[in-house]
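Note: the block below is input-v7.cif and it holds mmCIF, C-alpha atoms.
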```cif
data_protein
loop_
_atom_site.label_atom_id
_atom_site.label_comp_id
_atom_site.auth_asym_id
_atom_site.auth_seq_id
_atom_site.Cartn_x
_atom_site.Cartn_y
_atom_site.Cartn_z
CA MET A 30 -35.12 19.94 6.20
CA LYS A 31 -32.69 17.26 7.32
CA ILE A 32 -29.06 18.23 7.83
CA CYS A 33 -26.03 16.19 8.91
CA ILE A 34 -23.39 17.38 11.39
CA THR A 35 -20.21 15.33 11.81
CA SER A 36 -19.65 14.48 15.48
CA GLN A 37 -17.30 12.77 17.89
CA GLY A 38 -20.21 11.41 19.90
CA SER A 39 -23.87 10.47 19.68
CA THR A 40 -25.53 13.52 21.29
CA LEU A 41 -26.00 17.23 20.52
CA ASP A 42 -23.55 18.01 23.33
CA ALA A 43 -20.76 15.96 21.78
CA LEU A 44 -17.92 17.82 20.08
CA ALA A 45 -18.34 18.40 16.38
CA GLU A 46 -15.84 16.43 14.27
CA GLU A 47 -13.56 18.18 11.76
CA ARG A 48 -13.31 15.22 9.38
CA PHE A 49 -16.18 14.00 7.26
CA GLY A 50 -15.39 10.46 6.05
CA ARG A 51 -13.74 9.40 9.28
CA ALA A 52 -16.17 11.12 11.66
CA PRO A 53 -17.19 8.66 14.43
CA PHE A 54 -20.85 9.77 14.26
CA PHE A 55 -23.22 11.56 11.92
CA ILE A 56 -25.92 13.54 13.74
CA ILE A 57 -28.93 13.89 11.46
CA VAL A 58 -31.10 16.81 12.60
CA ASP A 59 -34.55 17.79 11.40
CA THR A 60 -34.30 21.61 11.44
CA GLU A 61 -38.10 22.06 11.54
CA THR A 62 -38.75 19.90 14.62
CA GLY A 63 -35.29 19.92 16.24
CA SER A 64 -35.39 16.12 16.58
CA PHE A 65 -32.22 14.21 15.78
CA GLU A 66 -30.77 10.76 15.35
CA ALA A 67 -27.15 9.63 15.69
CA LEU A 68 -25.67 7.30 13.05
CA GLU A 69 -22.50 5.50 13.97
CA ASN A 70 -20.08 5.72 11.02
CA GLN A 71 -19.20 2.11 10.26
CA PHE A 72 -16.63 3.30 7.68
CA ALA A 73 -14.65 5.54 10.11
CA GLY A 74 -11.82 3.03 10.54
CA GLY A 75 -11.72 1.76 6.95
CA SER A 76 -8.50 1.63 4.98
CA GLY A 77 -9.72 3.58 1.97
CA GLY A 78 -12.71 4.84 0.04
CA VAL A 79 -14.38 5.98 3.26
CA GLY A 80 -15.41 9.38 1.88
CA PRO A 81 -17.72 8.11 -0.90
CA LYS A 82 -19.07 5.39 1.43
CA ALA A 83 -19.92 7.91 4.13
CA ALA A 84 -21.44 10.19 1.49
CA GLN A 85 -23.68 7.34 0.30
CA LEU A 86 -24.81 6.78 3.89
CA ILE A 87 -25.96 10.35 4.40
CA ILE A 88 -27.49 10.53 0.90
CA ALA A 89 -29.60 7.49 1.86
CA HIS A 90 -30.90 9.52 4.84
CA GLU A 91 -32.12 12.25 2.47
CA VAL A 92 -29.94 14.94 3.99
CA LYS A 93 -30.01 18.32 2.21
CA ALA A 94 -26.99 19.95 3.90
CA LEU A 95 -23.78 18.79 5.58
CA VAL A 96 -21.90 20.67 8.31
CA SER A 97 -18.31 19.46 8.75
CA GLY A 98 -14.72 20.70 8.90
CA MET A 99 -12.99 19.10 5.97
CA VAL A 100 -14.53 17.12 3.13
CA GLY A 101 -12.17 15.05 0.95
CA GLY A 102 -12.16 15.30 -2.84
CA ASN A 103 -14.07 12.10 -3.63
CA ALA A 104 -16.71 12.69 -0.95
CA HIS A 105 -17.02 16.28 -2.17
CA ASP A 106 -17.70 15.05 -5.73
CA VAL A 107 -20.37 12.62 -4.52
CA LEU A 108 -22.10 15.12 -2.23
CA GLN A 109 -22.12 17.83 -4.89
CA ALA A 110 -23.48 15.44 -7.51
CA ALA A 111 -26.24 14.52 -5.05
CA GLY A 112 -27.07 18.23 -4.58
CA ILE A 113 -26.13 18.34 -0.89
CA GLN A 114 -25.00 21.77 0.31
CA LEU A 115 -21.72 21.79 2.26
CA PHE A 116 -21.04 24.13 5.20
CA ALA A 117 -17.78 24.59 7.12
CA TYR A 118 -17.68 24.59 10.93
CA HIS A 119 -14.27 25.19 12.51
CA ALA A 120 -15.17 26.58 15.97
CA ASN A 121 -14.21 23.39 17.88
CA GLY A 122 -17.54 23.50 19.71
CA THR A 123 -20.43 21.11 20.16
CA VAL A 124 -22.87 19.76 17.62
CA ARG A 125 -25.47 22.02 19.23
CA ASP A 126 -23.26 25.07 18.58
CA ALA A 127 -22.77 24.02 14.96
CA LEU A 128 -26.53 23.58 14.58
CA GLU A 129 -27.27 27.03 16.04
CA ARG A 130 -24.76 28.67 13.70
CA PHE A 131 -26.26 26.76 10.77
CA ASN A 132 -29.75 27.96 11.73
CA LYS A 133 -28.48 31.56 12.03
CA LYS A 134 -26.92 31.16 8.56
CA THR A 135 -23.47 32.22 9.82
CA LEU A 136 -21.55 29.24 8.44
CA ASP A 137 -19.52 29.60 5.24
CA ARG A 138 -20.29 27.39 2.28
CA ILE A 139 -17.63 24.88 1.17
CA GLN A 140 -17.36 25.26 -2.60
CA MET B 30 14.45 -21.36 -4.61
CA LYS B 31 12.87 -17.94 -4.13
CA ILE B 32 14.38 -15.52 -1.62
CA ALA B 33 12.75 -12.23 -0.63
CA ILE B 34 14.76 -9.37 0.82
CA ALA B 35 12.81 -7.03 3.08
CA SER B 36 13.52 -4.78 6.05
CA GLY B 37 10.68 -2.80 7.51
CA LYS B 38 12.77 0.35 7.81
CA GLY B 39 13.89 2.02 4.59
CA GLY B 40 17.54 2.61 3.81
CA THR B 41 18.92 -0.37 5.72
CA GLY B 42 20.54 -1.93 2.65
CA LYS B 43 18.00 -4.29 1.06
CA THR B 44 19.05 -3.43 -2.46
CA MET B 45 22.74 -3.61 -1.60
CA VAL B 46 22.28 -7.13 -0.22
CA ALA B 47 20.03 -8.17 -3.13
CA ALA B 48 22.44 -6.86 -5.76
CA ASN B 49 25.50 -8.48 -4.21
CA LEU B 50 23.74 -11.78 -3.53
CA ALA B 51 22.54 -11.94 -7.15
CA PHE B 52 25.97 -10.94 -8.48
CA THR B 53 27.64 -13.64 -6.37
CA LEU B 54 25.20 -16.37 -7.46
CA SER B 55 25.53 -15.35 -11.13
CA GLN B 56 29.23 -16.27 -10.99
CA THR B 57 28.23 -19.94 -10.86
CA CYS B 58 24.57 -20.30 -11.80
CA GLN B 59 21.56 -18.72 -13.52
CA VAL B 60 19.72 -16.21 -11.31
CA THR B 61 16.79 -13.82 -11.74
CA LEU B 62 16.67 -10.65 -9.71
CA VAL B 63 13.20 -9.08 -9.37
CA ASP B 64 12.92 -5.46 -8.25
CA CYS B 65 9.59 -5.43 -6.39
CA ASP B 66 10.13 -1.91 -4.99
CA VAL B 67 7.97 -0.68 -7.85
CA GLU B 68 7.46 2.84 -6.49
CA GLU B 69 11.21 3.48 -6.54
CA PRO B 70 13.03 0.60 -8.25
CA ASN B 71 16.80 1.09 -8.23
CA LEU B 72 18.50 -2.27 -8.87
CA HIS B 73 18.88 -1.20 -12.50
CA LEU B 74 21.39 1.42 -11.29
CA PHE B 75 23.73 -1.40 -10.28
CA PHE B 76 23.02 -3.45 -13.41
CA PRO B 77 22.65 -1.05 -16.35
CA ALA B 78 21.56 -2.88 -19.52
CA PRO B 79 19.15 -2.40 -22.42
CA ALA B 80 15.67 -3.56 -21.44
CA THR B 81 12.45 -4.61 -23.12
CA VAL B 82 9.25 -3.15 -21.72
CA ALA B 83 5.75 -4.61 -21.22
CA ASP B 84 2.72 -2.73 -19.92
CA VAL B 85 0.94 -3.81 -16.74
CA ASN B 86 -2.81 -3.35 -17.06
CA VAL B 87 -5.64 -3.79 -14.60
CA ALA B 88 -9.34 -4.09 -15.42
CA VAL B 89 -11.62 -1.19 -14.48
CA PRO B 90 -15.39 -1.07 -14.94
CA VAL B 91 -17.26 0.99 -17.50
CA ILE B 92 -20.94 1.52 -16.73
CA ASN B 93 -23.46 1.74 -19.53
CA GLU B 94 -25.68 4.55 -18.24
CA THR B 95 -28.46 3.63 -20.71
CA THR B 96 -28.80 0.03 -19.52
CA CYS B 97 -28.14 0.93 -15.86
CA ASP B 98 -31.32 1.55 -13.84
CA ARG B 99 -29.45 2.99 -10.80
CA CYS B 100 -30.45 0.06 -8.56
CA GLY B 101 -27.31 0.69 -6.47
CA ILE B 102 -26.28 -2.95 -6.00
CA CYS B 103 -22.78 -2.36 -7.42
CA GLY B 104 -22.20 0.59 -5.10
CA GLU B 105 -23.28 -1.44 -2.06
CA PHE B 106 -21.09 -4.33 -3.16
CA CYS B 107 -17.92 -2.30 -3.72
CA GLN B 108 -15.88 -2.50 -0.51
CA TYR B 109 -13.53 0.26 -1.69
CA GLY B 110 -16.06 3.05 -2.22
CA ALA B 111 -15.16 3.21 -5.92
CA ILE B 112 -18.77 3.32 -7.16
CA THR B 113 -21.46 5.67 -5.88
CA VAL B 114 -24.93 5.33 -7.36
CA LEU B 115 -27.11 8.43 -7.21
CA ALA B 116 -30.71 8.79 -8.36
CA SER B 117 -29.69 10.32 -11.68
CA ARG B 118 -26.15 9.05 -12.35
CA VAL B 119 -23.32 6.77 -11.29
CA LEU B 120 -19.96 8.11 -10.07
CA PHE B 121 -16.84 5.98 -10.52
CA PHE B 122 -13.52 6.73 -8.79
CA PRO B 123 -10.82 4.78 -10.68
CA GLU B 124 -8.11 5.42 -8.06
CA LEU B 125 -10.23 3.64 -5.42
CA CYS B 126 -10.97 0.61 -7.64
CA HIS B 127 -9.08 -2.60 -6.76
CA SER B 128 -10.10 -4.32 -10.04
CA CYS B 129 -11.86 -7.16 -8.22
CA GLY B 130 -14.52 -7.41 -10.95
CA GLY B 131 -17.29 -7.83 -8.40
CA CYS B 132 -19.44 -4.99 -9.79
CA THR B 133 -19.65 -6.68 -13.19
CA LEU B 134 -20.80 -9.91 -11.53
CA VAL B 135 -23.47 -8.44 -9.26
CA CYS B 136 -25.07 -6.08 -11.81
CA PRO B 137 -28.53 -7.52 -12.57
CA LYS B 138 -28.74 -5.54 -15.83
CA SER B 139 -25.30 -6.57 -17.15
CA ALA B 140 -24.65 -2.85 -17.55
CA ILE B 141 -21.00 -3.04 -16.48
CA HIS B 142 -18.08 -4.32 -18.53
CA GLU B 143 -14.37 -4.04 -17.88
CA VAL B 144 -11.68 -2.31 -19.88
CA PRO B 145 -7.90 -2.43 -19.38
CA LYS B 146 -6.15 0.50 -17.71
CA ARG B 147 -2.36 0.80 -17.66
CA ILE B 148 -0.87 1.28 -14.19
CA GLY B 149 2.80 0.52 -14.80
CA THR B 150 5.38 -1.52 -16.67
CA VAL B 151 7.66 -4.49 -16.21
CA THR B 152 11.08 -4.41 -17.88
CA PHE B 153 13.39 -7.31 -18.70
CA ALA B 154 17.16 -7.09 -19.02
CA THR B 155 20.17 -9.41 -19.00
CA PRO B 156 22.95 -7.28 -17.51
CA LEU B 157 25.29 -10.23 -16.91
CA PRO B 158 25.53 -13.55 -18.78
CA ARG B 159 23.77 -15.50 -16.04
CA LEU B 160 21.74 -12.68 -14.48
CA ASN B 161 18.26 -11.61 -15.56
CA LEU B 162 16.85 -8.44 -14.07
CA VAL B 163 13.06 -7.96 -13.95
CA THR B 164 11.94 -4.52 -12.78
CA GLY B 165 8.43 -3.39 -11.91
CA TYR B 166 7.62 0.30 -12.38
CA LEU B 167 4.43 1.81 -11.00
CA ASP B 168 3.25 4.78 -13.05
CA ALA B 169 3.46 8.05 -11.10
CA GLY B 170 0.21 8.98 -9.40
CA ASN B 171 -1.12 5.44 -9.30
CA PRO B 172 -1.90 4.13 -5.82
CA HIS B 173 -1.88 0.36 -6.42
CA ALA B 174 1.60 -1.19 -6.36
CA VAL B 175 0.44 -4.77 -5.83
CA PRO B 176 -0.62 -5.64 -9.42
CA VAL B 177 2.75 -4.40 -10.74
CA ILE B 178 4.64 -6.50 -8.16
CA ARG B 179 2.48 -9.49 -9.09
CA ALA B 180 3.29 -9.00 -12.79
CA ALA B 181 7.03 -8.68 -12.09
CA LYS B 182 7.05 -11.87 -9.99
CA LYS B 183 4.98 -13.70 -12.60
CA ALA B 184 7.63 -12.87 -15.21
CA ALA B 185 10.09 -14.90 -13.10
CA GLU B 186 7.72 -17.69 -12.05
CA ASN B 187 9.41 -20.40 -14.11
CA ASP B 188 12.95 -19.51 -13.02
CA ASN B 189 14.70 -21.78 -10.54
CA LEU B 190 16.62 -19.21 -8.55
CA VAL B 191 14.86 -15.91 -7.88
CA ILE B 192 15.72 -13.03 -5.57
CA CYS B 193 12.94 -10.52 -4.88
CA ASP B 194 13.91 -7.10 -3.52
CA ALA B 195 10.96 -5.71 -1.53
CA SER B 196 9.97 -2.14 -0.82
CA PRO B 197 10.41 -0.77 2.70
CA GLY B 198 7.49 -1.02 5.09
CA THR B 199 5.31 -3.96 6.03
CA SER B 200 2.08 -3.30 4.12
CA CYS B 201 0.50 -4.86 1.01
CA PRO B 202 3.49 -4.41 -1.36
CA VAL B 203 5.80 -6.23 1.06
CA VAL B 204 3.24 -8.97 1.72
CA GLU B 205 2.84 -9.45 -2.06
CA THR B 206 6.64 -9.64 -2.48
CA LEU B 207 7.08 -12.20 0.32
CA ASP B 208 4.12 -14.34 -0.74
CA GLY B 209 5.30 -17.65 -2.16
CA CYS B 210 8.98 -17.16 -1.27
CA ASP B 211 10.91 -20.00 0.38
CA ALA B 212 12.98 -17.79 2.65
CA CYS B 213 13.28 -14.17 3.59
CA ILE B 214 16.29 -12.03 4.45
CA LEU B 215 15.46 -9.12 6.76
CA VAL B 216 18.10 -6.40 6.57
CA THR B 217 18.35 -4.20 9.63
CA GLU B 218 20.59 -1.64 11.30
CA SER B 219 21.33 -1.28 15.01
CA THR B 220 19.30 1.86 15.60
CA PRO B 221 16.02 2.34 17.48
CA PHE B 222 14.21 2.82 14.15
CA GLY B 223 15.85 -0.27 12.67
CA MET B 224 14.80 -2.30 15.72
CA HIS B 225 11.23 -0.99 15.75
CA ASP B 226 10.62 -1.81 12.09
CA LEU B 227 12.48 -5.12 12.29
CA GLU B 228 9.94 -6.27 14.88
CA LEU B 229 7.11 -5.42 12.46
CA ALA B 230 8.84 -7.18 9.55
CA VAL B 231 9.54 -10.30 11.63
CA ASP B 232 5.84 -10.40 12.53
CA VAL B 233 4.82 -10.23 8.84
CA ALA B 234 7.22 -13.02 7.85
CA GLU B 235 5.99 -15.17 10.76
CA ARG B 236 2.33 -14.69 9.82
CA LEU B 237 3.10 -15.60 6.22
CA GLY B 238 4.95 -18.70 7.43
CA ILE B 239 8.19 -17.72 5.66
CA PRO B 240 11.43 -18.55 7.50
CA ALA B 241 13.51 -15.42 8.04
CA GLY B 242 17.17 -14.70 8.74
CA ILE B 243 18.60 -11.37 9.84
CA VAL B 244 21.36 -9.35 8.17
CA ILE B 245 22.80 -6.54 10.31
CA ASN B 246 24.13 -3.82 8.02
CA ARG B 247 26.37 -0.86 8.93
CA SER B 248 27.30 -2.61 12.16
CA ASP B 249 29.44 -0.52 14.51
CA GLY B 250 29.98 -3.57 16.69
CA GLN B 251 27.36 -2.44 19.20
CA ASP B 252 24.52 -4.68 18.10
CA GLN B 253 23.56 -6.19 21.45
CA ALA B 254 19.92 -5.04 21.38
CA THR B 255 19.43 -6.54 17.91
CA LEU B 256 21.25 -9.74 18.90
CA ASP B 257 19.09 -10.07 22.04
CA PHE B 258 15.92 -9.56 19.98
CA CYS B 259 17.03 -12.27 17.55
CA THR B 260 17.85 -14.68 20.38
CA ASN B 261 14.46 -14.07 22.00
CA HIS B 262 12.64 -14.70 18.70
CA GLY B 263 14.69 -17.71 17.65
CA LEU B 264 16.12 -15.79 14.67
CA GLU B 265 19.61 -16.31 13.31
CA VAL B 266 21.87 -13.43 12.30
CA ILE B 267 23.02 -14.79 8.96
CA MET B 268 25.39 -11.96 8.02
CA THR B 269 26.90 -8.83 9.56
CA ILE B 270 28.21 -6.07 7.31
CA PRO B 271 30.44 -3.52 9.07
CA PHE B 272 29.97 0.24 9.12
CA ASP B 273 32.67 1.11 6.59
CA ARG B 274 33.16 4.29 4.59
CA GLY B 275 34.80 2.29 1.79
CA ILE B 276 31.70 0.09 1.38
CA ALA B 277 29.48 3.19 1.35
CA ALA B 278 31.67 4.73 -1.37
CA ILE B 279 31.41 1.62 -3.57
CA GLN B 280 27.65 1.56 -3.15
CA SER B 281 27.25 5.28 -3.76
CA ARG B 282 28.97 5.17 -7.13
CA GLY B 283 26.68 2.34 -8.25
CA ASP B 284 29.31 -0.37 -8.03
CA LEU B 285 29.09 -3.72 -6.27
CA LEU B 286 30.94 -4.65 -3.10
CA CYS B 287 31.55 -8.18 -4.39
CA ARG B 288 32.99 -6.91 -7.68
CA VAL B 289 35.35 -4.38 -6.08
CA ARG B 290 36.28 -6.55 -3.12
CA PRO B 291 36.01 -10.17 -4.35
CA GLU B 292 36.72 -11.46 -0.84
CA TRP B 293 33.03 -10.67 -0.16
CA LEU B 294 31.92 -13.30 -2.73
CA LYS B 295 32.56 -15.96 -0.12
CA ALA B 296 30.44 -14.14 2.48
CA PHE B 297 27.51 -13.79 0.07
CA SER B 298 27.83 -17.44 -1.00
CA ALA B 299 27.60 -18.32 2.68
CA LEU B 300 24.53 -16.07 2.97
CA TYR B 301 22.86 -18.06 0.21
CA GLY B 302 23.77 -21.28 2.05
CA LYS B 303 22.10 -19.93 5.19
CA CYS B 304 18.95 -19.09 3.17
CA CYS B 305 18.82 -22.63 1.81
CA ALA B 306 19.17 -23.95 5.37
CA LEU B 307 16.33 -21.68 6.52
CA ALA B 308 14.13 -22.96 3.72
CA GLY B 309 15.13 -26.57 4.42
CA VAL B 310 16.66 -26.92 0.93
CA ASP B 311 20.06 -28.50 0.30
#
```
Take the structure from the file and write it as structure tokens.
Amino acid sequence: MKICITSQGSTLDALAEERFGRAPFFIIVDTETGSFEALENQFAGGSGGVGPKAAQLIIAHEVKALVSGMVGGNAHDVLQAAGIQLFAYHANGTVRDALERFNKKTLDRIQ
Amino acid sequence: MKIAIASGKGGTGKTMVAANLAFTLSQTCQVTLVDCDVEEPNLHLFFPAPATVADVNVAVPVINETTCDRCGICGEFCQYGAITVLASRVLFFPELCHSCGGCTLVCPKSAIHEVPKRIGTVTFATPLPRLNLVTGYLDAGNPHAVPVIRAAKKAAENDNLVICDASPGTSCPVVETLDGCDACILVTESTPFGMHDLELAVDVAERLGIPAGIVINRSDGQDQATLDFCTNHGLEVIMTIPFDRGIAAIQSRGDLLCRVRPEWLKAFSALYGKCCALAGVD
């Protein structure tokens, strides 16, 4: 299964990012193989509408779950309509830490 | 002659200057005052009069989900993130839509048409024999002030002498207000905040190519930093209004400085003369 973790950098050791739409990077991880790719968020500095745009980007990568801090209302609507599960990570740690907690199923769902 | 009144910082006295300039000009000629601060218009407080009302509408898309085959071209085209195309349905966020109409043009299935959506009103009043007041009102909760400002300015487009009172700030609403004006009055105060925002406002006027003059309001006589800034930027201080409790009292009860103290009529006439000189008009 592919999941997306919002990140401040392009590696698993980068800090996880609290914001979804304005996250500098999206780390797309394949939870079966552990392989990942980093997508730079071209919408991060946009003036508006960044949430739905970012949501479209991760939908296009066939992600099934998102791990982030805060997801705005419009992005939330898009992600829910696309059937992507949302998980909250607020521990201020790395992407790797967020991934481990996701795999251990200790992250709370964002409703 | 179209004059915009802007400031950068809020609360410096834009509306006070606009109201008194319009009042002064209306003593001798026909003038239209346009309140472009559509999120909080308040010129009507100084010029109470019965008004007629017209709606301001923008076009928003409606997607025919039967004709639509979810190709996604509209969602890719929309620069504002207002349309998201999923495999099974299309999501539209009206508050993100800028009414550009692009989605209707790019749709290969002609599945999108536009319908009007009300975002505000423009009102028209004649509070004094030679003064028309046009006021733009943005409906509460609506994020797009620019179309309402555009509609208010359009209502005055055939008038010879127009004064546009801008909102504070230096973003899209102020740019829309300044656009097409012959001269711009920037009202400031001699405080660090006034100076900071004046620099931003001067930059906007320069980029738009609109000649600007500076009005220092609530001057306590210690305006050296502002005067130095103006000298360095080749800007003229075209009026100084003193810090005066009596002036504040007149303003606070919704009256006009030039009506209560007619000696100010001369000063505001001179201000208009300076604006004409800035614009290169006789």
Legend entry - Contact residues around Lys93 in chain A with all atoms listed in the file at 7 Å, ignoring same-chain residues under 5 positions, as a ChimeraX atom specification: /A:30-32,113-114
Those same residues - C-alpha atoms - I'd like them written as a compact mmCIF listing (two decimals), in the coordinates of the input.
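Okay, part37.txt is ready:
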```txt
# COMPACT_ATOMS: atom_id res chain seq x y z
CA MET A 30 -35.12 19.94 6.20
CA LYS A 31 -32.69 17.26 7.32
CA ILE A 32 -29.06 18.23 7.83
CA ILE A 113 -26.13 18.34 -0.89
CA GLN A 114 -25.00 21.77 0.31
```
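One distance worth recording is that between CA of Pro81 in chain A and CA of Gly50 in chain A, which is 7.7 Å.
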Legend entry - Hits from the PyMOL selection byres ((chain B) within 9 of (chain A)), listed as a PyMOL selection string: chain B and resi 104-105+108-118+120+122+125-126
Inset, instruction - Determine the residue set returned by the PyMOL selection byres ((chain A and resi 128) around 10) for the present structure, and present it as number ranges by chain. - result: A: 32-34, 41, 45, 58, 60, 63, 96, 118, 123-127, 129-134, 136
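The space between CA of Thr53 in chain B and CA of Ala174 in chain B spans 28.9 Å.
One distance worth recording is that between CA of Ser36 in chain A and CA of Phe54 in chain A, which is 5.0 Å.
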Kindly add N, CA and C atoms to the incomplete range 50-72 of chain A and provide the output as a PDB file, in the frame of the given file.
```pdb
ATOM      1  N   GLY A  50     -15.348  11.914   6.289  1.00  0.00           N
ATOM      2  CA  GLY A  50     -15.390  10.460   6.050  1.00  0.00           C
ATOM      3  C   GLY A  50     -15.053   9.632   7.270  1.00  0.00           C
ATOM      4  N   ARG A  51     -14.168  10.153   8.101  1.00  0.00           N
ATOM      5  CA  ARG A  51     -13.740   9.400   9.280  1.00  0.00           C
ATOM      6  C   ARG A  51     -14.363   9.917  10.580  1.00  0.00           C
ATOM      7  N   ALA A  52     -15.450  10.677  10.464  1.00  0.00           N
ATOM      8  CA  ALA A  52     -16.170  11.120  11.660  1.00  0.00           C
ATOM      9  C   ALA A  52     -16.756   9.905  12.377  1.00  0.00           C
ATOM     10  N   PRO A  53     -16.622   9.823  13.719  1.00  0.00           N
ATOM     11  CA  PRO A  53     -17.190   8.660  14.430  1.00  0.00           C
ATOM     12  C   PRO A  53     -18.716   8.585  14.316  1.00  0.00           C
ATOM     13  N   PHE A  54     -19.385   9.773  14.329  1.00  0.00           N
ATOM     14  CA  PHE A  54     -20.850   9.770  14.260  1.00  0.00           C
ATOM     15  C   PHE A  54     -21.339  10.827  13.272  1.00  0.00           C
ATOM     16  N   PHE A  55     -22.491  10.551  12.689  1.00  0.00           N
ATOM     17  CA  PHE A  55     -23.220  11.560  11.920  1.00  0.00           C
ATOM     18  C   PHE A  55     -24.499  11.863  12.690  1.00  0.00           C
ATOM     19  N   ILE A  56     -24.682  13.146  13.058  1.00  0.00           N
ATOM     20  CA  ILE A  56     -25.920  13.540  13.740  1.00  0.00           C
ATOM     21  C   ILE A  56     -26.842  14.114  12.671  1.00  0.00           C
ATOM     22  N   ILE A  57     -27.965  13.445  12.460  1.00  0.00           N
ATOM     23  CA  ILE A  57     -28.930  13.890  11.460  1.00  0.00           C
ATOM     24  C   ILE A  57     -30.032  14.667  12.203  1.00  0.00           C
ATOM     25  N   VAL A  58     -30.143  15.948  11.886  1.00  0.00           N
ATOM     26  CA  VAL A  58     -31.100  16.810  12.600  1.00  0.00           C
ATOM     27  C   VAL A  58     -32.199  17.254  11.645  1.00  0.00           C
ATOM     28  N   ASP A  59     -33.429  17.197  12.133  1.00  0.00           N
ATOM     29  CA  ASP A  59     -34.550  17.790  11.400  1.00  0.00           C
ATOM     30  C   ASP A  59     -34.684  19.228  11.864  1.00  0.00           C
ATOM     31  N   THR A  60     -34.370  20.199  10.993  1.00  0.00           N
ATOM     32  CA  THR A  60     -34.300  21.610  11.440  1.00  0.00           C
ATOM     33  C   THR A  60     -35.683  22.175  11.749  1.00  0.00           C
ATOM     34  N   GLU A  61     -36.750  21.560  11.225  1.00  0.00           N
ATOM     35  CA  GLU A  61     -38.100  22.060  11.540  1.00  0.00           C
ATOM     36  C   GLU A  61     -38.519  21.654  12.958  1.00  0.00           C
ATOM     37  N   THR A  62     -38.277  20.400  13.322  1.00  0.00           N
ATOM     38  CA  THR A  62     -38.750  19.900  14.620  1.00  0.00           C
ATOM     39  C   THR A  62     -37.661  19.916  15.682  1.00  0.00           C
ATOM     40  N   GLY A  63     -36.385  19.980  15.281  1.00  0.00           N
ATOM     41  CA  GLY A  63     -35.290  19.920  16.240  1.00  0.00           C
ATOM     42  C   GLY A  63     -34.941  18.509  16.679  1.00  0.00           C
ATOM     43  N   SER A  64     -35.698  17.503  16.203  1.00  0.00           N
ATOM     44  CA  SER A  64     -35.390  16.120  16.580  1.00  0.00           C
ATOM     45  C   SER A  64     -34.135  15.650  15.828  1.00  0.00           C
ATOM     46  N   PHE A  65     -33.438  14.695  16.439  1.00  0.00           N
ATOM     47  CA  PHE A  65     -32.220  14.210  15.780  1.00  0.00           C
ATOM     48  C   PHE A  65     -32.037  12.722  15.996  1.00  0.00           C
ATOM     49  N   GLU A  66     -31.213  12.145  15.126  1.00  0.00           N
ATOM     50  CA  GLU A  66     -30.770  10.760  15.350  1.00  0.00           C
ATOM     51  C   GLU A  66     -29.274  10.695  15.105  1.00  0.00           C
ATOM     52  N   ALA A  67     -28.599   9.794  15.829  1.00  0.00           N
ATOM     53  CA  ALA A  67     -27.150   9.630  15.690  1.00  0.00           C
ATOM     54  C   ALA A  67     -26.867   8.348  14.915  1.00  0.00           C
ATOM     55  N   LEU A  68     -26.102   8.481  13.823  1.00  0.00           N
ATOM     56  CA  LEU A  68     -25.670   7.300  13.050  1.00  0.00           C
ATOM     57  C   LEU A  68     -24.219   7.031  13.362  1.00  0.00           C
ATOM     58  N   GLU A  69     -23.905   5.834  13.791  1.00  0.00           N
ATOM     59  CA  GLU A  69     -22.500   5.500  13.970  1.00  0.00           C
ATOM     60  C   GLU A  69     -21.905   5.268  12.591  1.00  0.00           C
ATOM     61  N   ASN A  70     -20.714   5.844  12.345  1.00  0.00           N
ATOM     62  CA  ASN A  70     -20.080   5.720  11.020  1.00  0.00           C
ATOM     63  C   ASN A  70     -19.281   4.422  10.963  1.00  0.00           C
ATOM     64  N   GLN A  71     -19.857   3.418  10.328  1.00  0.00           N
ATOM     65  CA  GLN A  71     -19.200   2.110  10.260  1.00  0.00           C
ATOM     66  C   GLN A  71     -17.952   2.143   9.375  1.00  0.00           C
ATOM     67  N   PHE A  72     -17.777   3.220   8.589  1.00  0.00           N
ATOM     68  CA  PHE A  72     -16.630   3.300   7.680  1.00  0.00           C
ATOM     69  C   PHE A  72     -15.451   4.067   8.295  1.00  0.00           C
TER      70      PHE A  72
END
```
